[in-house]
Structure formats: structure tokens, C-alpha cells
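Listing of structure00.txt, compact mmCIF, C-alpha atoms
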# COMPACT_ATOMS: atom_id res chain seq x y z
CA MET E 199 -39.20 -131.70 122.25
CA LYS E 200 -36.60 -134.07 120.84
CA THR E 201 -34.71 -136.64 122.91
CA LEU E 202 -31.14 -137.71 122.23
CA LEU E 203 -29.89 -140.93 123.77
CA LEU E 204 -26.10 -141.11 123.84
CA MET E 205 -24.54 -144.54 124.29
CA ARG E 206 -20.88 -145.37 124.50
CA HIS E 207 -19.89 -148.68 122.93
CA ALA E 208 -19.55 -151.61 125.34
CA LYS E 209 -16.24 -152.88 126.74
CA SER E 210 -13.98 -154.17 124.00
CA ASP E 211 -11.50 -157.02 123.97
CA TRP E 212 -7.92 -155.75 123.80
CA ASN E 213 -6.64 -159.35 123.86
CA ALA E 214 -8.54 -160.42 120.74
CA THR E 215 -6.90 -160.70 117.36
CA PHE E 216 -7.63 -157.69 115.16
CA ASP E 217 -5.70 -155.84 112.49
CA HIS E 218 -6.89 -152.31 113.22
CA ASP E 219 -8.49 -150.57 116.20
CA PHE E 220 -11.59 -150.17 114.03
CA ASP E 221 -12.03 -153.98 114.06
CA ARG E 222 -11.66 -154.53 117.82
CA PRO E 223 -14.51 -156.77 119.10
CA LEU E 224 -16.42 -156.73 122.39
CA ASN E 225 -15.32 -158.87 125.31
CA GLN E 226 -17.76 -161.03 127.30
CA ARG E 227 -18.44 -158.31 129.87
CA GLY E 228 -19.17 -155.87 127.05
CA THR E 229 -21.53 -158.33 125.37
CA GLU E 230 -23.52 -158.77 128.58
CA ALA E 231 -23.54 -155.01 129.27
CA ALA E 232 -24.90 -154.21 125.79
CA LYS E 233 -27.71 -156.73 126.26
CA ARG E 234 -28.48 -155.40 129.74
CA MET E 235 -28.76 -151.84 128.49
CA GLY E 236 -30.98 -152.88 125.59
CA ARG E 237 -33.39 -154.57 127.99
CA LEU E 238 -33.30 -151.56 130.31
CA LEU E 239 -34.34 -149.19 127.55
CA ARG E 240 -37.22 -151.45 126.53
CA GLU E 241 -38.43 -151.92 130.11
CA ALA E 242 -38.19 -148.18 130.80
CA ALA E 243 -40.03 -147.34 127.55
CA GLU E 244 -37.00 -145.33 126.37
CA VAL E 245 -36.48 -147.12 123.06
CA PRO E 246 -34.97 -145.06 120.24
CA GLU E 247 -36.81 -144.60 116.97
CA LEU E 248 -33.56 -144.40 115.00
CA VAL E 249 -29.95 -145.26 115.83
CA TYR E 250 -26.83 -143.65 114.38
CA THR E 251 -23.75 -145.64 115.28
CA SER E 252 -20.05 -145.48 114.67
CA SER E 253 -19.14 -147.97 111.98
CA ALA E 254 -16.41 -149.49 114.20
CA ARG E 255 -17.06 -153.15 114.99
CA ARG E 256 -17.41 -152.67 118.77
CA ALA E 257 -20.04 -149.93 118.30
CA VAL E 258 -22.01 -151.85 115.67
CA ASP E 259 -21.95 -154.98 117.85
CA THR E 260 -23.10 -152.95 120.87
CA VAL E 261 -26.11 -151.67 118.95
CA ARG E 262 -26.93 -155.09 117.51
CA LEU E 263 -26.84 -156.80 120.91
CA ALA E 264 -28.78 -154.03 122.67
CA SER E 265 -31.41 -153.93 119.93
CA GLU E 266 -31.83 -157.72 119.83
CA SER E 267 -31.99 -158.03 123.61
CA GLY E 268 -34.34 -155.06 123.93
CA GLU E 269 -36.39 -156.14 120.91
CA TRP E 270 -36.28 -152.61 119.48
CA GLY E 271 -36.61 -153.34 115.78
CA VAL E 272 -35.56 -149.81 114.76
CA PRO E 273 -33.49 -148.60 111.81
CA VAL E 274 -29.72 -148.41 112.39
CA GLU E 275 -27.41 -146.28 110.28
CA GLU E 276 -23.64 -146.75 110.47
CA MET E 277 -21.69 -143.50 110.47
CA ASP E 278 -18.01 -143.40 109.55
CA ALA E 279 -18.08 -139.82 110.91
CA PHE E 280 -18.70 -141.18 114.44
CA TYR E 281 -15.36 -143.03 114.57
CA HIS E 282 -12.97 -140.70 116.46
CA PRO E 283 -15.06 -137.62 115.71
CA GLU E 284 -14.95 -134.04 116.87
CA VAL E 285 -18.10 -132.75 118.60
CA PRO E 286 -19.05 -130.36 115.74
CA ALA E 287 -19.06 -133.29 113.28
CA VAL E 288 -21.43 -135.29 115.50
CA LEU E 289 -23.72 -132.29 115.94
CA GLU E 290 -23.85 -131.83 112.18
CA VAL E 291 -24.99 -135.43 111.69
CA VAL E 292 -27.62 -135.13 114.45
CA ARG E 293 -28.95 -131.90 112.89
CA GLN E 294 -29.68 -133.83 109.70
CA ALA E 295 -31.99 -136.35 111.38
CA ASP E 296 -35.49 -136.52 109.99
CA GLU E 297 -37.85 -134.31 112.00
CA SER E 298 -40.35 -137.17 112.28
CA VAL E 299 -37.90 -138.90 114.66
CA GLY E 300 -38.61 -138.01 118.29
CA VAL E 301 -35.97 -140.17 119.99
CA LEU E 302 -32.57 -140.55 118.34
CA MET E 303 -29.74 -142.67 119.71
CA ALA E 304 -26.12 -141.94 118.86
CA VAL E 305 -23.54 -144.63 119.67
CA GLY E 306 -19.86 -143.81 119.70
CA HIS E 307 -16.56 -143.47 121.48
CA GLU E 308 -14.58 -141.59 124.08
CA PRO E 309 -13.47 -138.89 124.48
CA ALA E 310 -16.01 -137.44 122.02
CA TRP E 311 -19.07 -138.75 123.85
CA SER E 312 -18.14 -137.14 127.20
CA GLN E 313 -17.34 -133.91 125.37
CA LEU E 314 -20.62 -134.07 123.46
CA LEU E 315 -22.63 -134.78 126.60
CA THR E 316 -21.10 -131.97 128.63
CA GLY E 317 -21.27 -129.59 125.66
CA LEU E 318 -24.96 -130.25 125.08
CA ILE E 319 -25.82 -129.57 128.71
CA GLY E 320 -23.67 -126.46 128.94
CA GLY E 321 -20.55 -127.64 130.71
CA GLY E 322 -19.31 -129.68 133.60
CA GLN E 323 -17.31 -132.86 133.61
CA ILE E 324 -19.20 -136.14 133.37
CA PRO E 325 -17.42 -139.47 132.90
CA PHE E 326 -19.00 -141.74 130.28
CA PRO E 327 -18.29 -145.42 131.10
CA THR E 328 -18.52 -148.16 128.50
CA ALA E 329 -22.09 -149.14 127.54
CA ALA E 330 -23.54 -146.28 129.59
CA VAL E 331 -26.59 -144.49 128.20
CA ALA E 332 -27.48 -140.84 128.78
CA ARG E 333 -30.82 -139.23 128.01
CA ILE E 334 -30.72 -135.60 126.95
CA ASP E 335 -33.90 -133.63 126.37
CA LEU E 336 -33.28 -130.95 123.77
CA ARG E 337 -34.75 -127.49 123.90
CA GLY E 338 -35.90 -126.04 120.61
CA GLY E 339 -38.17 -127.13 117.86
CA GLY E 340 -36.24 -129.78 116.02
CA TRP E 341 -33.00 -131.52 115.22
CA THR E 342 -31.77 -128.55 113.22
CA ASP E 343 -31.80 -126.53 116.47
CA VAL E 344 -29.42 -128.86 118.33
CA ASP E 345 -26.39 -126.98 119.57
CA LEU E 346 -24.06 -126.74 122.53
CA GLY E 347 -26.01 -125.78 125.64
CA SER E 348 -29.35 -126.79 124.11
CA GLY E 349 -29.93 -129.89 126.22
CA GLU E 350 -30.87 -131.02 129.69
CA LEU E 351 -29.45 -134.24 131.14
CA ARG E 352 -32.37 -136.32 132.42
CA TRP E 353 -30.32 -139.37 133.42
CA LEU E 354 -27.14 -141.34 132.82
CA ILE E 355 -27.20 -145.05 133.64
CA THR E 356 -24.29 -147.47 133.64
CA PRO E 357 -24.36 -151.25 133.18
CA ARG E 358 -22.69 -151.70 136.58
CA PHE E 359 -25.52 -149.82 138.28
CA MET E 360 -28.06 -152.01 136.50
CA GLU E 361 -26.12 -155.14 137.44
CA LYS E 362 -26.35 -154.17 141.11
CA LEU E 363 -30.11 -153.74 140.79
CA GLU E 364 -30.45 -157.13 139.14
CA ASP E 365 -28.16 -158.95 141.58
CA PRO E 366 -28.37 -157.80 145.23
CA THR E 367 -25.25 -159.82 146.13
CA LYS E 368 -23.17 -157.33 144.13
CA ARG E 369 -24.23 -154.38 146.27
CA LYS E 370 -21.74 -153.07 148.76
CA ARG E 371 -22.96 -152.58 152.29
CA ARG E 372 -22.53 -149.16 153.79
CA ARG E 373 -21.95 -148.55 157.45
CA ARG E 374 -24.49 -146.53 159.31
CA TRP E 375 -23.13 -144.45 162.12

Please, can you express the file's structure as C-alpha cells?
Amino acid sequence: MKTLLLMRHAKSDWNATFDHDFDRPLNQRGTEAAKRMGRLLREAAEVPELVYTSSARRAVDTVRLASESGEWGVPVEEMDAFYHPEVPAVLEVVRQADESVGVLMAVGHEPAWSQLLTGLIGGGQIPFPTAAVARIDLRGGGWTDVDLGSGELRWLITPRFMEKLEDPTKRKRRRRW
């Protein structure tokens, strides 16, 4: 069974100076979130063997920070096709992954990543916050078999959830009746 990790790029800085949307950098919160998620994947033994990322600056920086923080040391391939893609284009790239890869991570943007996630698991509506990571186990023999409805969502974790686990003061108290 193959595993696809989907990650949305971390929070970007709309106030920074950039010429094109493609060049928009991460903000401080996004930088910390990318690092947090990289550590999480290492600590949970959910490290990818290969990463395909959008070639946009914010996606590339997300992968770099997550990989450095998580000490992954895995190959990263930048994909122009992941910048504002349609779901079929992303599926086509995933289908071309080498069959020796068991865990592939794809890093990209909204709204494509929510559409890809829900399409792979056969429907529904799942929000995909910045720097969140979803694990999808894929039915079938290999990457060439990946298609809509061929996956099962195992988990989706957000940086805010992880922040609450790391810092108990950020948890909200709930009333018990």
C-alpha cells in the first residue's frame, strides 16, 4: 500500500514586498508552523521518502523548513504543475512517482489541495488550513493506480492543534455541565 501525505504551504506574508504571487514569502507564524509540522512527522515516524512541491516560494520554503526541522534528508522535486493546478494534473504527477517510493508528500495550494483530498477519499468537504498535513492510504498496487476515490483518510493534523499540545496554556477550557 502506498501513502500520500498532502501538505498545504504554511501561512504567507501578504505585507511583504514581492513582485508576483509566486514569490510571496512565509510570515513568522508560517515559518514556525512549517518547523512544527516537520518535527511532528519525524516524531510520529511519518517521514516522506520523496517530496513533490509547488515551485512557488512559500511552498518551497515550507518544505525546506519542515525538512530541516524534522531532519528528513529526503529528495525534493519542485513542480511548476503544482502552482494553481487542477486535480487531474496533480494526479497525473503522482501517478508518475517511482514505485520504489512508499510514502510520497505533495505540497501545494488551496483550493486544489482540499479538492484533491476530498476527491481521493470519495467526497465530503474538508477544510485544509495552512501547513496542515493529511495522510491518505491508497488502495491499489502502486502509484499508477491512484485515482479519485482510491484513498482512505487516516488523519489530518493542523499546526494549531500541535501548538495546543505543546503549550497547555493555549488550550481553551470547556465547561462541564

Go through E:Gly339, E:Pro325, E:Gly268, E:Gly320 and flag the residue nearest Ser298 (chain E), using all atoms listed in the file for the distances.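 Of the candidates, the smallest distance to Ser298 (chain E) is held by E:Gly339.
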
By how many Å are CA of Asp278 (chain E) and CA of Ser253 (chain E) apart?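 It comes out at 5.3 Å.
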
For Gly347 (chain E), the nearest of the candidates E:Leu289, E:Pro309, E:Leu248, E:Asp221, counting only C-alpha atoms: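 Answer, going by the shortest atom-to-atom distance: E:Leu289.
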
CA of Arg206 (chain E) to CA of Leu238 (chain E), distance in Å rounded to a single decimal: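 Going from CA of Arg206 (chain E) over to CA of Leu238 (chain E) covers 15.0 Å.
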
Which residues, written as a PyMOL selection string, have at least one atom at most 12 Å from Phe280 (chain E), with only C-alpha atoms counted and residues fewer than 3 positions away on the same chain left out? chain E and resi 204-207+220+250-254+257-258+275-277+283-292+304-311+314

Grab the CA of Ala332 (chain E) to CA of Leu315 (chain E) distance for me, in Å with one decimal place.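 Interatomic distance here is 8.1 Å.
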
Of the candidates E:Trp353, E:Tyr281, E:Phe326, E:Trp270, which one gets nearest to Ala208 (chain E) if we count all atoms listed in the file?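 The closest residue to Ala208 (chain E) is E:Phe326.
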
Excluding Thr356 (chain E) and residues on its chain fewer than 5 positions from it, collect all residues at most 8 Å away from it, counting all atoms listed in the file, and give them as a count of residues only. 5

Near Arg337 (chain E), within 8 Å and counting all atoms listed in the file, which residues show up once chain neighbours fewer than 2 positions away are dropped, as a ChimeraX atom specification? /E:199-200,335,339,344,348-350
